[in-house]
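For reference, final.txt (compact mmCIF, C-alpha atoms (C1' of nucleotides)):
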# COMPACT_ATOMS: atom_id res chain seq x y z
CA MET Q 1 122.47 97.53 140.49
CA THR Q 2 122.30 93.85 141.35
CA ARG Q 3 124.84 91.36 140.21
CA ASP Q 4 122.47 90.16 137.50
CA ASP Q 5 122.58 93.49 135.79
CA LYS Q 6 126.21 92.90 135.01
CA THR Q 7 126.04 89.28 133.96
CA ASP Q 8 122.66 89.21 132.34
CA LEU Q 9 123.31 91.40 129.34
CA MET Q 10 122.67 90.65 125.70
CA THR Q 11 124.08 92.03 122.48
CA ILE Q 12 121.80 93.27 119.79
CA ARG Q 13 122.16 90.08 117.81
CA GLN Q 14 121.36 87.90 120.77
CA MET Q 15 118.24 89.96 121.26
CA CYS Q 16 117.30 89.59 117.62
CA ASP Q 17 117.65 85.85 117.75
CA ALA Q 18 115.82 85.55 121.03
CA TYR Q 19 112.85 87.71 120.10
CA ASP Q 20 112.82 87.40 116.34
CA VAL Q 21 113.20 91.04 115.55
CA THR Q 22 115.75 92.96 113.48
CA PRO Q 23 118.47 95.24 114.78
CA ARG Q 24 116.67 98.10 113.12
CA THR Q 25 113.60 97.39 115.21
CA LEU Q 26 115.54 97.47 118.46
CA ARG Q 27 117.28 100.70 117.55
CA PHE Q 28 113.96 102.12 116.52
CA TYR Q 29 112.42 101.19 119.85
CA GLU Q 30 115.31 102.81 121.62
CA ALA Q 31 114.88 105.99 119.61
CA LYS Q 32 111.22 105.96 120.62
CA GLU Q 33 112.27 105.49 124.23
CA LEU Q 34 110.65 102.12 124.65
CA LEU Q 35 113.98 100.54 125.45
CA ASN Q 36 117.16 101.98 126.82
CA PRO Q 37 120.02 99.58 126.62
CA ILE Q 38 123.25 100.58 128.29
CA ARG Q 39 126.32 101.32 126.22
CA GLN Q 40 129.66 99.65 126.23
CA GLY Q 41 131.51 102.22 124.22
CA THR Q 42 129.23 102.70 121.29
CA ARG Q 43 127.54 99.30 121.42
CA ARG Q 44 124.24 98.49 122.97
CA LEU Q 45 123.83 95.98 125.74
CA PHE Q 46 120.30 95.02 126.61
CA THR Q 47 119.38 94.39 130.20
CA ARG Q 48 116.82 92.14 131.78
CA ARG Q 49 114.57 95.14 132.03
CA ASP Q 50 114.89 95.77 128.31
CA ARG Q 51 113.88 92.22 127.65
CA ALA Q 52 110.86 92.37 129.89
CA ARG Q 53 109.82 95.55 128.15
CA LEU Q 54 110.40 94.09 124.71
CA ALA Q 55 108.20 91.13 125.54
CA LEU Q 56 105.46 93.49 126.61
CA ILE Q 57 105.92 95.58 123.49
CA LEU Q 58 105.61 92.62 121.18
CA ARG Q 59 102.57 91.37 123.00
CA GLY Q 60 100.97 94.79 122.92
CA LYS Q 61 101.53 94.95 119.19
CA ARG Q 62 99.81 91.64 118.70
CA PHE Q 63 96.78 93.11 120.39
CA GLY Q 64 96.82 96.05 118.03
CA PHE Q 65 98.20 98.72 120.33
CA SER Q 66 100.45 101.36 118.86
CA LEU Q 67 104.00 101.79 120.08
CA GLU Q 68 103.01 105.10 121.60
CA ASP Q 69 100.14 103.46 123.47
CA ILE Q 70 102.50 100.85 124.74
CA ARG Q 71 105.20 103.28 125.73
CA GLN Q 72 102.86 105.12 127.99
CA THR Q 73 102.00 102.08 130.04
CA LEU Q 74 105.38 100.40 130.18
CA ASP Q 75 106.38 102.39 133.23
CA LEU Q 76 103.79 100.57 135.24
CA TYR Q 77 105.90 97.46 135.11
CA ASP Q 78 108.97 99.12 136.53
CA ARG Q 79 109.35 97.89 140.03
CA GLU Q 80 111.67 100.24 141.98
CA GLY Q 81 110.67 103.79 141.33
CA GLY Q 82 108.00 104.20 143.95
CA ILE Q 83 105.09 106.49 143.34
CA SER Q 84 106.21 108.87 140.67
CA ALA Q 85 103.77 110.94 138.66
CA GLN Q 86 104.94 108.81 135.74
CA ARG Q 87 103.74 105.63 137.36
CA GLN Q 88 100.56 107.23 138.53
CA LYS Q 89 99.76 108.11 134.92
CA ALA Q 90 100.79 104.70 133.72
CA TYR Q 91 98.47 103.19 136.27
CA GLU Q 92 95.49 105.16 135.09
CA LEU Q 93 96.23 104.37 131.51
CA ALA Q 94 96.63 100.72 132.33
CA VAL Q 95 93.19 100.64 133.86
CA LYS Q 96 91.81 101.91 130.58
CA ARG Q 97 93.83 99.43 128.62
CA LEU Q 98 92.48 96.66 130.78
CA ALA Q 99 88.95 97.72 129.96
CA GLU Q 100 89.81 97.83 126.27
CA MET Q 101 91.32 94.40 126.45
CA GLU Q 102 88.33 92.95 128.19
CA ALA Q 103 86.04 94.50 125.62
CA GLN Q 104 88.24 93.10 122.91
CA ARG Q 105 88.06 89.71 124.54
CA ALA Q 106 84.29 89.81 124.57
CA GLU Q 107 84.15 90.79 120.93
CA LEU Q 108 86.72 88.19 120.07
CA ASP Q 109 84.62 85.52 121.69
CA LEU Q 110 81.64 86.62 119.70
CA ALA Q 111 83.61 86.71 116.49
CA ILE Q 112 84.98 83.25 117.10
CA THR Q 113 81.52 81.87 117.72
CA GLU Q 114 80.18 83.50 114.60
CA LEU Q 115 83.06 82.39 112.47
CA LYS Q 116 82.64 78.82 113.65
CA ALA Q 117 78.98 78.96 112.75
CA GLU Q 118 79.88 80.35 109.36
CA LEU Q 119 82.36 77.57 108.75
CA ALA Q 120 79.81 74.97 109.78
CA GLU Q 121 77.33 76.54 107.41
CA ALA Q 122 79.84 76.50 104.59
CA GLU Q 123 80.54 72.84 105.22
CA ALA Q 124 76.86 72.07 105.22
CA GLN Q 125 76.64 73.75 101.85
CA GLY Q 126 79.23 71.40 100.50
CA LEU Q 127 82.59 73.06 101.05
CA VAL Q 128 84.69 70.08 101.96
CA PRO Q 129 87.14 70.60 104.78
CA ARG Q 130 90.45 69.17 103.67
CA HIS Q 131 91.39 67.52 106.93
CA ALA Q 132 87.94 66.36 107.89
CA ALA Q 133 87.71 63.39 110.25
CA MET O 134 67.49 90.58 93.44
CA THR O 135 64.96 90.57 96.24
CA ARG O 136 62.75 93.53 97.01
CA ASP O 137 65.05 94.49 99.85
CA ASP O 138 67.91 95.17 97.52
CA LYS O 139 65.96 98.03 96.02
CA THR O 140 64.60 99.56 99.20
CA ASP O 141 67.44 98.86 101.51
CA LEU O 142 70.09 101.09 100.01
CA MET O 143 72.16 103.73 101.72
CA THR O 144 74.03 106.77 100.46
CA ILE O 145 77.62 107.27 101.35
CA ARG O 146 76.75 109.74 104.07
CA GLN O 147 74.22 107.46 105.67
CA MET O 148 76.89 104.82 105.73
CA CYS O 149 79.34 107.19 107.32
CA ASP O 150 76.91 108.13 110.04
CA ALA O 151 75.89 104.56 110.65
CA TYR O 152 79.37 103.11 110.87
CA ASP O 153 81.41 106.11 111.90
CA VAL O 154 83.75 106.13 108.96
CA THR O 155 84.59 108.81 106.40
CA PRO O 156 83.58 108.84 102.74
CA ARG O 157 87.23 108.48 101.88
CA THR O 158 87.35 105.24 103.79
CA LEU O 159 84.38 103.79 101.95
CA ARG O 160 85.77 104.78 98.57
CA PHE O 161 89.09 103.37 99.59
CA TYR O 162 87.51 100.07 100.54
CA GLU O 163 85.73 99.98 97.23
CA ALA O 164 88.97 100.62 95.38
CA LYS O 165 90.48 97.73 97.32
CA GLU O 166 87.51 95.58 96.35
CA LEU O 167 86.26 95.08 99.84
CA LEU O 168 82.96 96.70 98.99
CA ASN O 169 81.16 97.13 95.74
CA PRO O 170 78.25 99.47 96.01
CA ILE O 171 75.99 99.81 93.00
CA ARG O 172 75.89 103.04 91.07
CA GLN O 173 73.00 105.33 90.44
CA GLY O 174 74.57 107.40 87.75
CA THR O 175 77.88 108.28 89.32
CA ARG O 176 76.82 107.97 92.94
CA ARG O 177 77.33 105.04 95.18
CA LEU O 178 74.52 103.17 96.83
CA PHE O 179 75.49 100.66 99.45
CA THR O 180 73.56 97.44 99.74
CA ARG O 181 72.83 95.23 102.68
CA ARG O 182 75.69 93.07 101.57
CA ASP O 183 78.05 96.04 101.65
CA ARG O 184 76.97 96.77 105.17
CA ALA O 185 77.48 93.23 106.32
CA ARG O 186 80.94 93.30 104.78
CA LEU O 187 81.76 96.65 106.30
CA ALA O 188 80.83 95.39 109.76
CA LEU O 189 83.14 92.43 109.25
CA ILE O 190 85.89 94.69 107.97
CA LEU O 191 85.73 96.98 110.97
CA ARG O 192 85.68 94.06 113.34
CA GLY O 193 88.60 92.45 111.59
CA LYS O 194 90.57 95.66 111.90
CA ARG O 195 89.92 95.80 115.60
CA PHE O 196 91.54 92.40 115.87
CA GLY O 197 94.56 93.64 114.00
CA PHE O 198 93.98 92.02 110.64
CA SER O 199 95.05 93.90 107.54
CA LEU O 200 92.55 94.89 104.91
CA GLU O 201 94.14 92.40 102.56
CA ASP O 202 93.75 89.63 105.12
CA ILE O 203 90.16 90.58 105.54
CA ARG O 204 89.42 90.83 101.85
CA GLN O 205 90.52 87.28 101.30
CA THR O 206 88.07 85.85 103.77
CA LEU O 207 85.07 88.06 103.12
CA ASP O 208 83.88 85.82 100.33
CA LEU O 209 83.13 83.15 102.85
CA TYR O 210 80.21 85.14 104.08
CA ASP O 211 78.59 85.43 100.69
CA ARG O 212 75.59 83.20 100.73
CA GLU O 213 74.49 82.51 97.11
CA GLY O 214 77.47 81.68 95.04
CA GLY O 215 77.72 77.98 95.72
CA ILE O 216 81.05 76.25 95.75
CA SER O 217 83.34 78.46 93.76
CA ALA O 218 87.08 78.18 93.98
CA GLN O 219 86.91 81.60 95.57
CA ARG O 220 84.82 80.37 98.46
CA GLN O 221 86.88 77.25 98.82
CA LYS O 222 89.94 79.41 99.32
CA ALA O 223 88.10 81.72 101.65
CA TYR O 224 87.07 78.70 103.67
CA GLU O 225 90.60 77.47 104.09
CA LEU O 226 91.82 80.88 105.02
CA ALA O 227 89.01 81.29 107.50
CA VAL O 228 90.04 78.11 109.23
CA LYS O 229 93.48 79.60 109.70
CA ARG O 230 92.05 82.87 110.91
CA LEU O 231 89.97 80.99 113.43
CA ALA O 232 93.07 79.36 114.81
CA GLU O 233 94.79 82.74 114.97
CA MET O 234 91.85 84.23 116.78
CA GLU O 235 91.73 81.45 119.30
CA ALA O 236 95.43 81.83 119.93
CA GLN O 237 94.94 85.54 120.32
CA ARG O 238 92.17 84.95 122.80
CA ALA O 239 94.38 82.69 124.86
CA GLU O 240 97.15 85.27 124.89
CA LEU O 241 94.67 87.99 125.64
CA ASP O 242 93.37 86.07 128.63
CA LEU O 243 96.89 85.69 129.90
CA ALA O 244 97.67 89.34 129.36
CA ILE O 245 94.52 90.39 131.15
CA THR O 246 95.35 88.21 134.11
CA GLU O 247 98.87 89.56 134.27
CA LEU O 248 97.79 93.14 133.91
CA LYS O 249 95.29 92.73 136.71
CA ALA O 250 97.99 91.32 138.92
CA GLU O 251 100.24 94.20 138.00
CA LEU O 252 97.56 96.72 138.86
CA ALA O 253 96.92 95.02 142.18
CA GLU O 254 100.63 95.13 142.86
CA ALA O 255 100.80 98.79 142.02
CA GLU O 256 97.91 99.51 144.36
CA ALA O 257 99.57 97.57 147.11
CA GLN O 258 102.63 99.74 146.60
CA GLY O 259 100.56 102.81 147.23
CA LEU O 260 99.27 103.92 143.85
CA VAL O 261 95.82 105.09 144.76
CA PRO O 262 93.06 104.11 142.38
CA ARG O 263 90.98 107.20 141.78
CA HIS O 264 87.61 105.50 141.90
CA ALA O 265 88.37 103.08 144.66
CA ALA O 266 85.48 101.77 146.69
C1' DC Y 267 69.00 130.94 87.28
C1' DG Y 268 72.22 131.19 90.96
C1' DT Y 269 73.93 128.75 94.87
C1' DT Y 270 74.06 125.43 98.27
C1' DA Y 271 74.48 120.54 99.44
C1' DC Y 272 76.15 116.31 98.26
C1' DG Y 273 78.94 113.42 95.64
C1' DC Y 274 82.67 112.11 92.24
C1' DT Y 275 87.50 111.58 90.55
C1' DG Y 276 92.33 112.20 90.56
C1' DA Y 277 96.43 113.46 92.85
C1' DC Y 278 99.34 114.50 96.35
C1' DG Y 279 100.29 114.50 101.61
C1' DT Y 280 100.75 112.04 106.07
C1' DT Y 281 101.78 108.80 109.91
C1' DA Y 282 103.51 104.57 111.88
C1' DA Y 283 106.78 101.20 111.81
C1' DC Y 284 110.12 99.74 110.14
C1' DG Y 285 113.64 98.33 105.60
C1' DT Y 286 117.70 99.43 103.12
C1' DC Y 287 122.00 101.36 102.20
C1' DA Y 288 126.31 103.91 102.66
C1' DA Y 289 130.09 105.08 105.35
C1' DC Y 290 132.41 104.34 109.39
C1' DC Y 291 134.50 102.25 113.76
C1' DT Y 292 136.59 98.21 116.32
C1' DG Y 293 137.98 93.91 118.17
C1' DT Y 294 140.31 89.77 116.75
C1' DC Y 295 141.95 85.97 114.08
C1' DT Y 296 145.48 84.57 110.85
C1' DA E 297 149.06 94.13 108.46
C1' DG E 298 144.95 92.61 106.28
C1' DA E 299 140.52 91.32 106.44
C1' DC E 300 136.38 90.01 108.32
C1' DA E 301 132.46 89.93 111.62
C1' DG E 302 129.58 92.72 114.15
C1' DG E 303 128.02 97.10 115.52
C1' DT E 304 127.02 102.26 114.84
C1' DT E 305 124.94 106.48 112.93
C1' DG E 306 122.51 109.09 109.53
C1' DA E 307 119.56 109.38 105.67
C1' DC E 308 116.41 108.02 102.51
C1' DG E 309 112.83 104.43 100.84
C1' DT E 310 108.55 101.74 101.63
C1' DT E 311 103.85 100.05 102.77
C1' DA E 312 99.27 100.44 104.70
C1' DA E 313 95.48 103.12 105.45
C1' DC E 314 93.74 106.66 105.01
C1' DG E 315 93.52 112.57 104.98
C1' DT E 316 93.23 116.60 102.25
C1' DC E 317 92.45 119.41 98.47
C1' DA E 318 91.28 120.97 93.78
C1' DG E 319 88.15 120.75 90.13
C1' DC E 320 84.05 119.06 88.36
C1' DG E 321 79.01 117.37 88.02
C1' DT E 322 74.08 117.66 89.37
C1' DA E 323 69.86 117.84 91.84
C1' DA E 324 66.94 120.57 94.46
C1' DC E 325 65.75 124.88 96.69
C1' DG E 326 64.41 129.70 96.75
Entire entry expressed as structure tokens:
Amino acid sequence: MTRDDKTDLMTIRQMCDAYDVTPRTLRFYEAKELLNPIRQGTRRLFTRRDRARLALILRGKRFGFSLEDIRQTLDLYDREGGISAQRQKAYELAVKRLAEMEAQRAELDLAITELKAELAEAEAQGLVPRHAA
Amino acid sequence: MTRDDKTDLMTIRQMCDAYDVTPRTLRFYEAKELLNPIRQGTRRLFTRRDRARLALILRGKRFGFSLEDIRQTLDLYDREGGISAQRQKAYELAVKRLAEMEAQRAELDLAITELKAELAEAEAQGLVPRHAA
DNA sequence: CGTTACGCTGACGTTAACGTCAACCTGTCT
DNA sequence: AGACAGGTTGACGTTAACGTCAGCGTAACG
């Protein structure tokens, strides 16, 4: 609706270059309703909203969430839209996701500590670190 | 070799109950050389080592590592075995994994912060948290 | 000795998340 | 006009990580 929406559009290739994904991936995400680029004729044009969502998708994936998991929470990030049932659901899901992420963080901390200890132990046993000081 | 190795064995079902996995999963992991239970006749008996490895496998999965990724670093955790080329490689890989995990933690922290802000924003907009104080 | 429980080995099926390929349109540069 | 770059839609292939099922063995129980 704003002026930006008209100027701030990207082709599929620009998206691919910017986010290091393939066209196939973007089309796939659209099919799965994670993105919905507008059409100029038959071609896709990705909006600022699409890009924000894509960034969240890629991040979510790095944390091990499935695309379906991600899809269900994406709506939370949509400003304008008020208090739809959609957003209400997204909110509740997001609260769960937050808990999962905090649990994951705790476990990650533990794992990092343990792995460091294991590496130290290995070094003590004689495994020579290549780039040792 | 120690006395424990003889007493401290578990059947496949005990393993399944203890770690909440299916028999299929354990056999699959064995086929992929992530575990190698001893055999009593045709049946599998899982050692303490298998259990340690399984715990690491499940943890690794939670962090989004592939079984192949995990397999390549598991050797690091094998005490006895000295300084084989295997362990040397595992060590180097583990150093990389550590870096990945620390990066992941940093991103996770950021994501948690952002998600919290987003939730706060949503609440401010009128999305009512169910269990609000 | 039958059967019930537990386990084993193939072998094929399934789901997620894309990759790959063919066949087609379309703007534009020469 | 020709051709080339860039995009599109199916449709089928692929990989990881198992699920499922059939057919078989065997140990213990009643």
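Counting all atoms listed in the file, every residue of chain Y that comes within 10 Å of chain Q is listed here: DA282, DA283, DC284, DG285, DC291 and DT292 of chain Y.
The shortest atom-to-atom distance to chain O, with all atoms listed in the file taken into account, belongs to E:DA313 out of E:DT304, E:DG326, E:DG298, E:DA313.
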Quick one: contact table of chain Q to chain E, 9 Å max, nearest atom pair and distance in Å to one decimal per residue, counting all atoms listed in the file, chain and number order, as a tab-separated table?
residue	atom	partner	partner_atom	distance
Q:Ile12	CA	E:DG303	C1'	8.5
Q:Arg13	CA	E:DG302	C1'	8.7
Q:Thr42	CA	E:DT304	C1'	6.8
Q:Arg43	CA	E:DG303	C1'	6.3
Q:Arg44	CA	E:DG303	C1'	8.5
Exercise answer, chain O residues close to chain Q, 10 Å and all atoms listed in the file, as a PyMOL selection string: chain O and resi 189+192-198+209-212+215-218+220-222+224-225+227-228+230-232+234-235+237-242+244-246+248-249+251-252+254-256+258-263
To one decimal place, how far is CA of Leu226 (chain O) from CA of Glu213 (chain O) in Å? 19.1 Å
With distances taken over all atoms listed in the file, which residue among Q:Ala124, Q:Ala103, Q:Phe46, Q:Glu114 lies nearest Thr11 (chain Q)? Q:Phe46
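Between CA of Cys149 (chain O) and CA of Ile171 (chain O) lies a distance of 16.5 Å.
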Just the number, please: distance in Å from C1' of DC274 (chain Y) to CA of Val154 (chain O), one decimal. 17.8 Å
Quick one: chain O onto chain Q, least squares on all Cα paired in order, result as a tab-separated table (two decimals) with C-alpha atoms, in the coordinates of the input?
chain	number	residue	atom	x	y	z
O	134	MET	CA	122.53	97.36	140.44
O	135	THR	CA	122.35	93.70	141.34
O	136	ARG	CA	124.88	91.17	140.15
O	137	ASP	CA	122.46	90.05	137.47
O	138	ASP	CA	122.57	93.38	135.75
O	139	LYS	CA	126.21	92.80	134.94
O	140	THR	CA	126.02	89.18	133.88
O	141	ASP	CA	122.65	89.15	132.30
O	142	LEU	CA	123.28	91.36	129.31
O	143	MET	CA	122.62	90.63	125.67
O	144	THR	CA	124.04	92.03	122.45
O	145	ILE	CA	121.75	93.28	119.79
O	146	ARG	CA	122.09	90.09	117.79
O	147	GLN	CA	121.30	87.88	120.73
O	148	MET	CA	118.21	89.95	121.24
O	149	CYS	CA	117.24	89.59	117.62
O	150	ASP	CA	117.60	85.84	117.74
O	151	ALA	CA	115.77	85.56	121.01
O	152	TYR	CA	112.81	87.71	120.08
O	153	ASP	CA	112.77	87.41	116.32
O	154	VAL	CA	113.15	91.07	115.55
O	155	THR	CA	115.70	92.98	113.48
O	156	PRO	CA	118.43	95.27	114.79
O	157	ARG	CA	116.62	98.13	113.13
O	158	THR	CA	113.57	97.41	115.21
O	159	LEU	CA	115.51	97.47	118.46
O	160	ARG	CA	117.25	100.71	117.57
O	161	PHE	CA	113.94	102.13	116.54
O	162	TYR	CA	112.39	101.20	119.86
O	163	GLU	CA	115.28	102.80	121.64
O	164	ALA	CA	114.87	105.98	119.63
O	165	LYS	CA	111.21	105.96	120.63
O	166	GLU	CA	112.24	105.49	124.25
O	167	LEU	CA	110.64	102.13	124.65
O	168	LEU	CA	113.96	100.55	125.47
O	169	ASN	CA	117.13	101.97	126.85
O	170	PRO	CA	119.99	99.57	126.65
O	171	ILE	CA	123.23	100.56	128.32
O	172	ARG	CA	126.28	101.31	126.23
O	173	GLN	CA	129.62	99.64	126.24
O	174	GLY	CA	131.48	102.20	124.25
O	175	THR	CA	129.17	102.68	121.31
O	176	ARG	CA	127.50	99.29	121.43
O	177	ARG	CA	124.21	98.46	122.98
O	178	LEU	CA	123.79	95.96	125.75
O	179	PHE	CA	120.26	95.01	126.62
O	180	THR	CA	119.34	94.38	130.21
O	181	ARG	CA	116.78	92.13	131.77
O	182	ARG	CA	114.54	95.13	132.03
O	183	ASP	CA	114.85	95.77	128.31
O	184	ARG	CA	113.84	92.22	127.64
O	185	ALA	CA	110.84	92.39	129.89
O	186	ARG	CA	109.79	95.57	128.14
O	187	LEU	CA	110.37	94.11	124.71
O	188	ALA	CA	108.16	91.13	125.53
O	189	LEU	CA	105.43	93.51	126.62
O	190	ILE	CA	105.90	95.61	123.50
O	191	LEU	CA	105.57	92.65	121.18
O	192	ARG	CA	102.53	91.40	123.02
O	193	GLY	CA	100.95	94.81	122.94
O	194	LYS	CA	101.49	94.99	119.21
O	195	ARG	CA	99.79	91.67	118.72
O	196	PHE	CA	96.74	93.15	120.39
O	197	GLY	CA	96.81	96.08	118.04
O	198	PHE	CA	98.16	98.75	120.34
O	199	SER	CA	100.43	101.39	118.88
O	200	LEU	CA	103.97	101.81	120.10
O	201	GLU	CA	102.99	105.12	121.61
O	202	ASP	CA	100.12	103.49	123.49
O	203	ILE	CA	102.49	100.89	124.75
O	204	ARG	CA	105.20	103.31	125.74
O	205	GLN	CA	102.84	105.16	128.01
O	206	THR	CA	101.99	102.12	130.05
O	207	LEU	CA	105.36	100.42	130.19
O	208	ASP	CA	106.38	102.42	133.22
O	209	LEU	CA	103.80	100.60	135.24
O	210	TYR	CA	105.91	97.51	135.12
O	211	ASP	CA	108.98	99.18	136.53
O	212	ARG	CA	109.39	97.91	140.03
O	213	GLU	CA	111.73	100.28	141.95
O	214	GLY	CA	110.74	103.81	141.30
O	215	GLY	CA	108.07	104.23	143.92
O	216	ILE	CA	105.14	106.51	143.34
O	217	SER	CA	106.26	108.91	140.67
O	218	ALA	CA	103.82	110.95	138.67
O	219	GLN	CA	104.97	108.84	135.75
O	220	ARG	CA	103.78	105.64	137.34
O	221	GLN	CA	100.59	107.23	138.52
O	222	LYS	CA	99.79	108.12	134.94
O	223	ALA	CA	100.82	104.72	133.72
O	224	TYR	CA	98.50	103.20	136.28
O	225	GLU	CA	95.52	105.17	135.10
O	226	LEU	CA	96.24	104.39	131.52
O	227	ALA	CA	96.65	100.73	132.32
O	228	VAL	CA	93.22	100.66	133.87
O	229	LYS	CA	91.83	101.94	130.60
O	230	ARG	CA	93.84	99.45	128.61
O	231	LEU	CA	92.48	96.68	130.78
O	232	ALA	CA	88.96	97.74	129.97
O	233	GLU	CA	89.83	97.86	126.28
O	234	MET	CA	91.32	94.41	126.45
O	235	GLU	CA	88.32	92.97	128.19
O	236	ALA	CA	86.05	94.52	125.61
O	237	GLN	CA	88.25	93.11	122.89
O	238	ARG	CA	88.05	89.70	124.46
O	239	ALA	CA	84.28	89.85	124.53
O	240	GLU	CA	84.17	90.85	120.88
O	241	LEU	CA	86.72	88.23	120.03
O	242	ASP	CA	84.62	85.55	121.68
O	243	LEU	CA	81.64	86.66	119.67
O	244	ALA	CA	83.62	86.73	116.46
O	245	ILE	CA	84.99	83.27	117.10
O	246	THR	CA	81.53	81.90	117.72
O	247	GLU	CA	80.20	83.51	114.58
O	248	LEU	CA	83.09	82.38	112.46
O	249	LYS	CA	82.66	78.82	113.67
O	250	ALA	CA	79.02	78.95	112.75
O	251	GLU	CA	79.92	80.33	109.36
O	252	LEU	CA	82.41	77.56	108.76
O	253	ALA	CA	79.87	74.95	109.79
O	254	GLU	CA	77.41	76.53	107.40
O	255	ALA	CA	79.91	76.48	104.60
O	256	GLU	CA	80.62	72.81	105.24
O	257	ALA	CA	76.95	72.03	105.23
O	258	GLN	CA	76.75	73.72	101.85
O	259	GLY	CA	79.34	71.35	100.51
O	260	LEU	CA	82.68	73.02	101.08
O	261	VAL	CA	84.81	70.06	101.98
O	262	PRO	CA	87.21	70.57	104.85
O	263	ARG	CA	90.54	69.16	103.75
O	264	HIS	CA	91.42	67.50	107.03
O	265	ALA	CA	87.98	66.30	107.92
O	266	ALA	CA	87.71	63.32	110.22
Residues at most 9 Å from Pro37 (chain Q), counting all atoms listed in the file, excluding those fewer than 3 positions away in the same chain, as a ChimeraX atom specification? /Q:30,44-47,49-50
